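Asks: Data: final_18.pdb, PDB, C-alpha atoms and all ligand atoms.
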ATOM      1  CA  MET A   1      55.517   6.558-100.785
ATOM      2  CA  SER A   2      54.306   6.219 -97.184
ATOM      3  CA  SER A   3      57.007   6.570 -94.542
ATOM      4  CA  SER A   4      56.431   3.090 -93.087
ATOM      5  CA  VAL A   5      56.554   1.222 -96.427
ATOM      6  CA  SER A   6      59.872   2.855 -97.291
ATOM      7  CA  ALA A   7      61.269   2.964 -93.766
ATOM      8  CA  PHE A   8      64.268   0.757 -94.390
ATOM      9  CA  ARG A   9      65.321   2.156 -97.773
ATOM     10  CA  PRO A  10      68.710   3.868 -97.874
ATOM     11  CA  ILE A  11      68.728   7.644 -97.602
ATOM     12  CA  THR A  12      69.576   9.029-101.070
ATOM     13  CA  SER A  13      69.517  12.462-102.659
ATOM     14  CA  GLN A  14      66.801  11.242-105.034
ATOM     15  CA  ALA A  15      64.543  10.132-102.160
ATOM     16  CA  ILE A  16      65.117  13.439-100.325
ATOM     17  CA  THR A  17      64.473  15.572-103.418
ATOM     18  CA  MET A  18      61.267  13.631-104.225
ATOM     19  CA  ALA A  19      59.946  14.326-100.716
ATOM     20  CA  LEU A  20      61.074  17.968-100.524
ATOM     21  CA  CYS A  21      58.389  20.722-100.386
ATOM     22  CA  THR A  22      60.652  23.668 -99.526
ATOM     23  CA  LYS A  23      61.614  26.680-101.654
ATOM     24  CA  ILE A  24      65.139  27.165-100.290
ATOM     25  CA  LEU A  25      66.272  24.645 -97.688
ATOM     26  CA  GLY A  26      67.695  21.507 -99.303
ATOM     27  CA  ARG A  27      67.518  22.854-102.877
ATOM     28  CA  SER A  28      71.309  22.670-102.821
ATOM     29  CA  LEU A  29      71.966  19.205-101.410
ATOM     30  CA  HIS A  30      75.158  17.253-100.687
ATOM     31  CA  MET A  31      74.418  13.613 -99.851
ATOM     32  CA  LEU A  32      77.422  11.617 -98.611
ATOM     33  CA  GLU A  33      77.817   7.980 -97.694
ATOM     34  CA  ASP A  34      80.020   8.932 -94.787
ATOM     35  CA  THR A  35      82.003  11.892 -93.581
ATOM     36  CA  PRO A  36      83.823  12.764 -90.356
ATOM     37  CA  SER A  37      81.090  15.292 -89.465
ATOM     38  CA  THR A  38      78.447  16.974 -91.632
ATOM     39  CA  ASN A  39      79.123  20.239 -89.754
ATOM     40  CA  SER A  40      82.827  19.995 -90.609
ATOM     41  CA  THR A  41      81.938  19.250 -94.241
ATOM     42  CA  ALA A  42      79.512  22.186 -94.384
ATOM     43  CA  MET A  43      82.039  24.717 -93.009
ATOM     44  CA  PRO A  44      84.356  24.941 -96.091
ATOM     45  CA  LEU A  45      81.310  24.799 -98.396
ATOM     46  CA  ALA A  46      79.851  27.805 -96.580
ATOM     47  CA  GLN A  47      83.209  29.603 -96.632
ATOM     48  CA  ALA A  48      83.363  29.020-100.396
ATOM     49  CA  GLY A  49      79.962  30.712-100.818
ATOM     50  CA  ALA A  50      77.424  27.844-100.740
ATOM     51  CA  PRO A  51      73.923  29.345-101.024
ATOM     52  CA  ASP A  52      71.483  29.974 -98.187
ATOM     53  CA  GLY A  53      69.702  26.709 -97.345
ATOM     54  CA  THR A  54      72.450  24.354 -98.545
ATOM     55  CA  VAL A  55      72.130  20.987 -96.788
ATOM     56  CA  VAL A  56      74.817  18.353 -96.138
ATOM     57  CA  VAL A  57      73.516  14.887 -95.207
ATOM     58  CA  ALA A  58      75.494  11.743 -94.440
ATOM     59  CA  ASP A  59      74.425   8.170 -93.865
ATOM     60  CA  ALA A  60      77.217   7.843 -91.263
ATOM     61  CA  GLN A  61      79.726  10.077 -89.465
ATOM     62  CA  THR A  62      83.111   8.838 -88.361
ATOM     63  CA  SER A  63      83.739  11.744 -85.926
ATOM     64  CA  GLY A  64      80.264  13.101 -85.224
ATOM     65  CA  ARG A  65      80.479  16.055 -82.843
ATOM     66  CA  GLY A  66      78.089  17.009 -80.034
ATOM     67  CA  ARG A  67      77.849  20.138 -77.868
ATOM     68  CA  LEU A  68      80.568  20.949 -75.353
ATOM     69  CA  GLY A  69      83.153  18.862 -77.190
ATOM     70  CA  ARG A  70      81.222  15.595 -76.863
ATOM     71  CA  HIS A  71      81.118  12.755 -79.392
ATOM     72  CA  TRP A  72      77.903  12.052 -81.348
ATOM     73  CA  TYR A  73      77.266   8.347 -81.980
ATOM     74  CA  SER A  74      76.694   8.098 -85.749
ATOM     75  CA  PRO A  75      76.454   4.519 -87.122
ATOM     76  CA  PRO A  76      75.373   3.938 -90.774
ATOM     77  CA  GLY A  77      71.951   2.931 -92.084
ATOM     78  CA  LYS A  78      69.847   4.082 -89.138
ATOM     79  CA  ASN A  79      69.816   7.724 -88.168
ATOM     80  CA  LEU A  80      69.753  11.253 -89.543
ATOM     81  CA  TYR A  81      72.863  13.448 -89.574
ATOM     82  CA  CYS A  82      72.560  16.740 -91.429
ATOM     83  CA  SER A  83      73.853  20.300 -91.448
ATOM     84  CA  ILE A  84      72.016  23.294 -92.873
ATOM     85  CA  ILE A  85      73.745  26.525 -93.919
ATOM     86  CA  LEU A  86      71.716  29.672 -93.108
ATOM     87  CA  ARG A  87      73.148  32.900 -94.463
ATOM     88  CA  ARG A  88      70.512  35.558 -95.168
ATOM     89  CA  ALA A  89      71.842  39.145 -95.203
ATOM     90  CA  MET A  90      71.410  40.684 -91.775
ATOM     91  CA  PRO A  91      72.250  44.089 -90.281
ATOM     92  CA  PRO A  92      75.005  43.923 -87.621
ATOM     93  CA  ASP A  93      72.478  44.707 -84.880
ATOM     94  CA  GLN A  94      70.710  41.422 -85.708
ATOM     95  CA  VAL A  95      73.749  39.209 -85.063
ATOM     96  CA  SER A  96      73.068  38.458 -81.433
ATOM     97  CA  ARG A  97      69.372  37.823 -82.195
ATOM     98  CA  TRP A  98      70.439  35.245 -84.791
ATOM     99  CA  LEU A  99      73.001  33.591 -82.540
ATOM    100  CA  SER A 100      70.518  33.357 -79.677
ATOM    101  CA  TRP A 101      67.424  32.293 -81.515
ATOM    102  CA  VAL A 102      68.461  30.242 -84.570
ATOM    103  CA  PRO A 103      69.426  27.231 -82.375
ATOM    104  CA  LEU A 104      66.167  27.486 -80.424
ATOM    105  CA  LEU A 105      63.881  27.916 -83.440
ATOM    106  CA  SER A 106      65.681  24.993 -85.109
ATOM    107  CA  ALA A 107      65.016  22.798 -82.073
ATOM    108  CA  VAL A 108      61.336  23.730 -82.218
ATOM    109  CA  ALA A 109      61.277  22.838 -85.944
ATOM    110  CA  VAL A 110      62.871  19.435 -85.270
ATOM    111  CA  SER A 111      60.453  18.606 -82.502
ATOM    112  CA  ARG A 112      57.503  19.698 -84.647
ATOM    113  CA  ALA A 113      58.733  17.537 -87.574
ATOM    114  CA  ILE A 114      58.956  14.519 -85.265
ATOM    115  CA  GLN A 115      55.390  15.166 -84.155
ATOM    116  CA  VAL A 116      54.130  15.444 -87.745
ATOM    117  CA  ILE A 117      55.884  12.232 -88.827
ATOM    118  CA  SER A 118      55.309  10.049 -85.777
ATOM    119  CA  GLY A 119      52.568  11.496 -83.588
ATOM    120  CA  LEU A 120      55.103  11.560 -80.726
ATOM    121  CA  ARG A 121      55.405  14.896 -78.917
ATOM    122  CA  PRO A 122      59.027  15.542 -77.962
ATOM    123  CA  SER A 123      59.952  18.169 -75.422
ATOM    124  CA  LEU A 124      63.047  20.379 -75.373
ATOM    125  CA  LYS A 125      65.730  20.556 -72.714
ATOM    126  CA  TRP A 126      67.287  24.018 -72.856
ATOM    127  CA  PRO A 127      68.938  24.955 -75.113
ATOM    128  CA  ASN A 128      68.285  22.378 -77.806
ATOM    129  CA  ASP A 129      68.196  18.769 -76.691
ATOM    130  CA  ILE A 130      65.215  16.879 -78.108
ATOM    131  CA  LEU A 131      63.729  14.549 -75.494
ATOM    132  CA  ILE A 132      61.070  11.886 -75.425
ATOM    133  CA  GLU A 133      60.120  10.724 -71.923
ATOM    134  CA  GLN A 134      63.348  12.193 -70.453
ATOM    135  CA  ARG A 135      65.568  10.364 -72.957
ATOM    136  CA  LYS A 136      67.484  12.150 -75.688
ATOM    137  CA  VAL A 137      66.304  11.431 -79.233
ATOM    138  CA  GLY A 138      68.254  14.205 -80.913
ATOM    139  CA  GLY A 139      70.480  17.228 -80.526
ATOM    140  CA  LEU A 140      71.708  20.293 -82.371
ATOM    141  CA  LEU A 141      75.158  21.751 -82.796
ATOM    142  CA  CYS A 142      75.133  25.289 -84.238
ATOM    143  CA  GLU A 143      78.363  26.871 -85.451
ATOM    144  CA  SER A 144      78.841  30.254 -87.074
ATOM    145  CA  SER A 145      81.463  32.306 -88.858
ATOM    146  CA  GLY A 146      81.774  35.913 -90.016
ATOM    147  CA  MET A 147      78.500  36.983 -88.433
ATOM    148  CA  GLY A 148      77.877  40.679 -88.993
ATOM    149  CA  THR A 149      79.715  40.663 -92.327
ATOM    150  CA  ALA A 150      78.202  40.162 -95.779
ATOM    151  CA  THR A 151      79.496  36.576 -95.909
ATOM    152  CA  GLY A 152      78.504  35.451 -92.401
ATOM    153  CA  PHE A 153      76.561  32.241 -91.820
ATOM    154  CA  VAL A 154      75.241  29.816 -89.225
ATOM    155  CA  ILE A 155      75.504  26.047 -89.666
ATOM    156  CA  VAL A 156      72.687  24.152 -87.948
ATOM    157  CA  GLY A 157      73.854  20.566 -87.354
ATOM    158  CA  ILE A 158      71.116  18.113 -86.439
ATOM    159  CA  GLY A 159      71.498  14.536 -85.228
ATOM    160  CA  LEU A 160      68.382  12.418 -84.740
ATOM    161  CA  ASN A 161      68.199   8.808 -83.562
ATOM    162  CA  VAL A 162      65.663   7.326 -85.954
ATOM    163  CA  ASN A 163      65.713   3.560 -86.484
ATOM    164  CA  MET A 164      67.978   2.395 -83.620
ATOM    165  CA  TRP A 165      66.547  -0.163 -81.250
ATOM    166  CA  ARG A 166      67.443   0.562 -77.616
ATOM    167  CA  ASP A 167      69.880  -2.361 -77.255
ATOM    168  CA  ALA A 168      71.863  -1.111 -80.268
ATOM    169  CA  PHE A 169      73.063   1.985 -78.369
ATOM    170  CA  PRO A 170      76.473   1.797 -76.681
ATOM    171  CA  THR A 171      76.054   0.834 -73.009
ATOM    172  CA  ASP A 172      76.828   4.331 -71.691
ATOM    173  CA  LEU A 173      73.822   5.665 -73.670
ATOM    174  CA  HIS A 174      71.334   2.894 -72.747
ATOM    175  CA  ASP A 175      69.556   4.893 -70.059
ATOM    176  CA  LEU A 176      70.017   8.295 -71.652
ATOM    177  CA  ALA A 177      69.173   7.892 -75.343
ATOM    178  CA  THR A 178      66.195   6.718 -77.339
ATOM    179  CA  SER A 179      65.046   6.728 -80.962
ATOM    180  CA  LEU A 180      61.853   7.403 -82.872
ATOM    181  CA  ALA A 181      61.508   3.694 -83.699
ATOM    182  CA  ALA A 182      62.014   2.663 -80.073
ATOM    183  CA  GLU A 183      59.345   5.114 -78.926
ATOM    184  CA  ALA A 184      56.802   4.579 -81.702
ATOM    185  CA  GLY A 185      57.380   0.839 -82.179
ATOM    186  CA  ARG A 186      57.929   1.210 -85.919
ATOM    187  CA  PRO A 187      60.696   2.462 -88.219
ATOM    188  CA  PHE A 188      60.645   5.742 -90.164
ATOM    189  CA  ASP A 189      61.828   6.816 -93.606
ATOM    190  CA  ARG A 190      64.766   9.162 -93.058
ATOM    191  CA  ALA A 191      64.282  10.999 -96.374
ATOM    192  CA  VAL A 192      60.659  11.848 -95.518
ATOM    193  CA  LEU A 193      61.716  12.854 -92.014
ATOM    194  CA  LEU A 194      64.434  15.162 -93.360
ATOM    195  CA  ALA A 195      62.068  16.740 -95.910
ATOM    196  CA  THR A 196      59.505  17.380 -93.156
ATOM    197  CA  LEU A 197      62.186  18.825 -90.893
ATOM    198  CA  LEU A 198      63.368  21.188 -93.644
ATOM    199  CA  SER A 199      59.773  22.383 -94.253
ATOM    200  CA  GLU A 200      59.243  23.078 -90.556
ATOM    201  CA  LEU A 201      62.591  24.860 -90.341
ATOM    202  CA  GLU A 202      62.019  26.921 -93.484
ATOM    203  CA  LEU A 203      58.657  28.118 -92.184
ATOM    204  CA  ARG A 204      60.228  29.384 -88.942
ATOM    205  CA  TYR A 205      63.399  30.696 -90.593
ATOM    206  CA  GLU A 206      61.437  32.830 -93.091
ATOM    207  CA  THR A 207      59.180  34.254 -90.393
ATOM    208  CA  PHE A 208      62.198  34.874 -88.147
ATOM    209  CA  VAL A 209      64.085  36.692 -90.927
ATOM    210  CA  SER A 210      61.034  38.861 -91.598
ATOM    211  CA  GLY A 211      61.152  39.849 -87.896
ATOM    212  CA  ALA A 212      57.552  38.811 -87.326
ATOM    213  CA  MET A 213      57.898  35.693 -85.244
ATOM    214  CA  ASP A 214      57.231  35.145 -81.567
ATOM    215  CA  ILE A 215      59.654  32.217 -81.305
ATOM    216  CA  LYS A 216      59.959  32.648 -77.593
ATOM    217  CA  HIS A 217      56.331  31.678 -77.071
ATOM    218  CA  GLU A 218      56.560  28.585 -79.311
ATOM    219  CA  TYR A 219      59.840  27.543 -77.660
ATOM    220  CA  GLU A 220      58.443  27.960 -74.144
ATOM    221  CA  LEU A 221      55.444  25.770 -74.989
ATOM    222  CA  ARG A 222      57.802  22.897 -75.853
ATOM    223  CA  CYS A 223      60.511  23.505 -73.257
ATOM    224  CA  ALA A 224      60.452  20.927 -70.458
ATOM    225  CA  THR A 225      63.170  22.794 -68.528
ATOM    226  CA  ILE A 226      60.873  25.631 -67.420
ATOM    227  CA  GLY A 227      59.476  24.841 -63.981
ATOM    228  CA  GLN A 228      62.148  22.214 -63.277
ATOM    229  CA  ARG A 229      64.753  22.175 -60.566
ATOM    230  CA  VAL A 230      68.019  22.211 -62.507
ATOM    231  CA  ARG A 231      71.733  21.938 -62.093
ATOM    232  CA  VAL A 232      73.666  23.989 -64.663
ATOM    233  CA  GLU A 233      77.280  23.361 -65.457
ATOM    234  CA  MET A 234      78.491  26.591 -66.970
ATOM    235  CA  ALA A 235      80.208  26.498 -70.335
ATOM    236  CA  ASN A 236      82.172  29.691 -69.741
ATOM    237  CA  GLY A 237      82.582  29.992 -65.976
ATOM    238  CA  GLU A 238      79.632  32.435 -65.569
ATOM    239  CA  CYS A 239      78.543  32.601 -61.866
ATOM    240  CA  GLY A 240      81.087  29.981 -60.738
ATOM    241  CA  ASP A 241      81.219  26.563 -62.377
ATOM    242  CA  CYS A 242      77.937  25.009 -61.302
ATOM    243  CA  ILE A 243      74.629  26.289 -59.924
ATOM    244  CA  GLU A 244      71.376  24.735 -58.763
ATOM    245  CA  GLY A 245      67.968  26.319 -58.680
ATOM    246  CA  GLN A 246      64.563  26.593 -60.316
ATOM    247  CA  ALA A 247      64.324  27.309 -64.056
ATOM    248  CA  VAL A 248      61.601  29.925 -64.351
ATOM    249  CA  SER A 249      61.488  31.264 -67.905
ATOM    250  CA  ILE A 250      63.260  32.064 -71.165
ATOM    251  CA  GLY A 251      64.722  35.572 -71.495
ATOM    252  CA  ASP A 252      64.222  37.801 -74.528
ATOM    253  CA  ASP A 253      67.780  36.868 -75.516
ATOM    254  CA  GLY A 254      67.018  33.116 -75.407
ATOM    255  CA  SER A 255      68.801  32.672 -72.075
ATOM    256  CA  LEU A 256      67.503  30.321 -69.395
ATOM    257  CA  GLN A 257      66.403  32.274 -66.321
ATOM    258  CA  VAL A 258      67.184  30.364 -63.125
ATOM    259  CA  MET A 259      66.305  31.310 -59.524
ATOM    260  CA  VAL A 260      69.504  30.177 -57.857
ATOM    261  CA  ASP A 261      69.345  28.523 -54.416
ATOM    262  CA  ASN A 262      70.993  30.511 -51.647
ATOM    263  CA  PRO A 263      70.941  28.298 -48.537
ATOM    264  CA  GLN A 264      73.082  30.846 -46.598
ATOM    265  CA  ASP A 265      70.421  33.522 -46.911
ATOM    266  CA  PRO A 266      67.026  31.938 -47.675
ATOM    267  CA  LEU A 267      65.056  35.112 -46.727
ATOM    268  CA  THR A 268      66.648  37.451 -49.272
ATOM    269  CA  PRO A 269      64.449  37.835 -52.365
ATOM    270  CA  ARG A 270      66.141  35.993 -55.194
ATOM    271  CA  GLN A 271      66.886  37.404 -58.641
ATOM    272  CA  PRO A 272      66.905  35.123 -61.666
ATOM    273  CA  VAL A 273      70.331  34.478 -63.200
ATOM    274  CA  ALA A 274      70.513  34.435 -67.018
ATOM    275  CA  ILE A 275      72.271  31.331 -68.336
ATOM    276  CA  ARG A 276      73.530  31.807 -71.898
ATOM    277  CA  ALA A 277      75.651  28.677 -72.336
ATOM    278  CA  GLY A 278      75.949  25.521 -70.328
ATOM    279  CA  ASP A 279      74.829  22.001 -69.677
ATOM    280  CA  VAL A 280      71.509  21.631 -67.873
ATOM    281  CA  VAL A 281      70.523  18.604 -65.813
ATOM    282  CA  HIS A 282      66.851  18.246 -64.878
ATOM    283  CA  LEU A 283      66.772  17.308 -61.195
ATOM    284  CA  ARG A 284      63.850  15.436 -59.715
ATOM    285  CA  ARG A 285      61.035  17.735 -58.649
ATOM    286  CA  GLU A 286      60.634  18.046 -54.890
ATOM    287  CA  GLY A 287      58.129  15.467 -53.664
ATOM    288  CA  ASN A 288      58.868  13.071 -56.558
TER     289      ASN A 288
HETATM  290  C1  LIG A 301      74.392  17.507 -78.979
HETATM  291  O1  LIG A 301      73.277  17.299 -78.495
HETATM  292  O2  LIG A 301      75.415  17.359 -78.314
HETATM  293  C2  LIG A 301      74.471  17.947 -80.396
HETATM  294  C3  LIG A 301      74.566  16.811 -81.355
HETATM  295  C4  LIG A 301      74.656  17.261 -82.797
HETATM  296  C5  LIG A 301      74.966  16.122 -83.726
HETATM  297  C6  LIG A 301      74.841  16.527 -85.161
HETATM  298  S1  LIG A 301      74.901  15.145 -86.262
HETATM  299  C7  LIG A 301      75.036  16.221 -87.618
HETATM  300  C8  LIG A 301      75.970  17.341 -87.215
HETATM  301  N1  LIG A 301      77.336  16.948 -87.433
HETATM  302  C9  LIG A 301      78.003  16.805 -86.296
HETATM  303  O3  LIG A 301      79.210  16.460 -86.206
HETATM  304  N2  LIG A 301      77.236  17.110 -85.272
HETATM  305  C10 LIG A 301      75.904  17.482 -85.683
END
Could you write out this structure as structure tokens?
Replies:
Amino acid sequence: MSSSVSAFRPITSQAITMALCTKILGRSLHMLEDTPSTNSTAMPLAQAGAPDGTVVVADAQTSGRGRLGRHWYSPPGKNLYCSIILRRAMPPDQVSRWLSWVPLLSAVAVSRAIQVISGLRPSLKWPNDILIEQRKVGGLLCESSGMGTATGFVIVGIGLNVNMWRDAFPTDLHDLATSLAAEAGRPFDRAVLLATLLSELELRYETFVSGAMDIKHEYELRCATIGQRVRVEMANGECGDCIEGQAVSIGDDGSLQVMVDNPQDPLTPRQPVAIRAGDVVHLRREGN
């Protein structure tokens, strides 16, 4: 079924399974009408031993959670809310590689799936906001437990605004958020979108696990933050609470490298600061 013909059908496990082309991701599937948060639902499933690639999807969330303790707007019948459990065996020296790169490779997979489905080309705001024309179309919340032990896992929670028209967003999101339908001018089938997303994620996950992938390069190509003047509000009080400067690159550990302004001493050569957690605001480029 083409994605436009079926765009308004409900998201069901049957529709997802019919569209699925993956080997692992989504082969164990929990489809819920509503839940407080798919990430919160996935956590006890993972703790009870749910297999690698288990996916929890809900048509609505009553307490959808965003990064940094924010709320994620999650009305029924319109958007995609899902959480994917990733739990391949990994040596302890791979833990920080996983924690750094799984969120970033997942964001690349989401943006690639959007491109495949819609022809739109989203960009990424570090670390994993999905943007179209400076507005947020989706975001990721990754949570982990027991990393470095045999039962450790990462939960990749993905929220995508799919069939919301702009005026349906709450007023505080009007200027900040958008949806695939608002940008493309047509609705999309959420089951086909999810199946595409899982294929794109599986491809990158398998290559990442094999150790072969240059995710950094693919991430940098999609990352709109590099080259921008930015303000960073630190999540953990690194370097004071807030810095401004020029985002220059992505570090080998997935950090954002920022040349911090130093108005007191403009002649001293600057060193990039590595930002590992925080909230980035893209400031207007000078001259704009
Ligand atoms: C963000 O950009 O702040 C992250 C948003 C993540 C939202 C998704 S929706 C599915 C999953 N369940 C949640 O409660 N949150 C994530």
Asks: One number please: atom CA of A:Met43 to atom CA of A:Cys223, in Å, one decimal.
Replies: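 So the two atoms, atom CA of A:Met43 and atom CA of A:Cys223, lie 29.2 Å apart.
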Asks: Could you list, as a short mmCIF file (atom, residue, chain, number, x, y, z; two decimals) with C-alpha atoms, in the coordinates of the input, all protein and nucleic acid residues with an atom at most 10 Å from ligand LIG 301 (chain A), counting only C-alpha atoms and all ligand atoms?
Replies:
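To be explicit, this is the file written out as selection_38.cif:
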data_model
loop_
_atom_site.label_atom_id
_atom_site.label_comp_id
_atom_site.auth_asym_id
_atom_site.auth_seq_id
_atom_site.Cartn_x
_atom_site.Cartn_y
_atom_site.Cartn_z
CA THR A 35 82.00 11.89 -93.58
CA PRO A 36 83.82 12.76 -90.36
CA SER A 37 81.09 15.29 -89.46
CA THR A 38 78.45 16.97 -91.63
CA ASN A 39 79.12 20.24 -89.75
CA SER A 40 82.83 20.00 -90.61
CA THR A 41 81.94 19.25 -94.24
CA ALA A 42 79.51 22.19 -94.38
CA VAL A 56 74.82 18.35 -96.14
CA VAL A 57 73.52 14.89 -95.21
CA ALA A 58 75.49 11.74 -94.44
CA ALA A 60 77.22 7.84 -91.26
CA GLN A 61 79.73 10.08 -89.46
CA THR A 62 83.11 8.84 -88.36
CA SER A 63 83.74 11.74 -85.93
CA GLY A 64 80.26 13.10 -85.22
CA ARG A 65 80.48 16.06 -82.84
CA GLY A 66 78.09 17.01 -80.03
CA ARG A 67 77.85 20.14 -77.87
CA LEU A 68 80.57 20.95 -75.35
CA GLY A 69 83.15 18.86 -77.19
CA ARG A 70 81.22 15.60 -76.86
CA HIS A 71 81.12 12.76 -79.39
CA TRP A 72 77.90 12.05 -81.35
CA TYR A 73 77.27 8.35 -81.98
CA SER A 74 76.69 8.10 -85.75
CA ASN A 79 69.82 7.72 -88.17
CA LEU A 80 69.75 11.25 -89.54
CA TYR A 81 72.86 13.45 -89.57
CA CYS A 82 72.56 16.74 -91.43
CA SER A 83 73.85 20.30 -91.45
CA ILE A 84 72.02 23.29 -92.87
CA PRO A 127 68.94 24.96 -75.11
CA ASN A 128 68.28 22.38 -77.81
CA ASP A 129 68.20 18.77 -76.69
CA ILE A 130 65.22 16.88 -78.11
CA LYS A 136 67.48 12.15 -75.69
CA VAL A 137 66.30 11.43 -79.23
CA GLY A 138 68.25 14.20 -80.91
CA GLY A 139 70.48 17.23 -80.53
CA LEU A 140 71.71 20.29 -82.37
CA LEU A 141 75.16 21.75 -82.80
CA CYS A 142 75.13 25.29 -84.24
CA GLU A 143 78.36 26.87 -85.45
CA ILE A 155 75.50 26.05 -89.67
CA VAL A 156 72.69 24.15 -87.95
CA GLY A 157 73.85 20.57 -87.35
CA ILE A 158 71.12 18.11 -86.44
CA GLY A 159 71.50 14.54 -85.23
CA LEU A 160 68.38 12.42 -84.74
CA ASN A 161 68.20 8.81 -83.56
CA ASP A 279 74.83 22.00 -69.68
#
Asks: Using all atoms listed in the file, which of A:Ser144, A:Gln115, A:Thr54, A:Thr22 sits nearest A:Ser100?
Replies: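 Among the listed residues, the smallest separation from A:Ser100 belongs to A:Ser144.
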Asks: Using the chain letters and numbering of this document, enumerate as a ChimeraX atom specification the residues selected by the PyMOL selection byres (((chain A and resi 6-16) around 12) and not hetatm).
Replies: /A:1-5,17-22,25-34,55-60,76-82,117,162-164,180-181,186-198
Asks: Just checking: using all atoms listed in the file, which residue out of A:Leu176, A:Ile85, A:Leu99, A:Ala48 ends up closest to A:Gly148?
Replies: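 Ranked by minimum distance to A:Gly148, first place goes to A:Leu99.
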Asks: Let me know the residues the PyMOL selection byres (((chain A and resi 205) around 12) and not hetatm) catches in the file above, as a PyMOL selection string.
Replies: chain A and resi 22-25+52-53+84-88+98+101-109+154+156+197-204+206-215
Asks: Suppose you want the space between atom CA of A:Ala247 and atom CA of A:Glu220; what is it in Å?
Replies: 11.7 Å
Asks: Between atom CA of A:Thr171 and atom CA of A:Val110, what distance in Å does the model show, to one decimal?
Replies: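 Those two atoms sit 25.9 Å apart.
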Asks: If you apply the PyMOL selection byres (((chain A and resi 256) around 12) and not hetatm) to this file, what residues do you get, as an MDAnalysis selection string?
Replies: chainID A and resid 100 104 125:128 216 219:220 223:228 230:232 234 245:255 257:260 272:280
Asks: Rank A:Pro44, A:Ala182, A:Glu244, A:Ala235 by their smallest atom-to-atom distance to A:Phe169, using all atoms listed in the file, and report the top residue only.
Replies: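 Answer, going by the shortest atom-to-atom distance: A:Ala182.
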Asks: What are the centre and edge lengths in Å, to one decimal, of the axis-aligned box around all listed atoms of stretch 97-109 of chain A with 6 Å added on each side, as lines of an AutoDock Vina configuration file?
Replies:
center_x = 67.1
center_y = 30.3
center_z = -82.8
size_x = 23.7
size_y = 27.0
size_z = 18.3
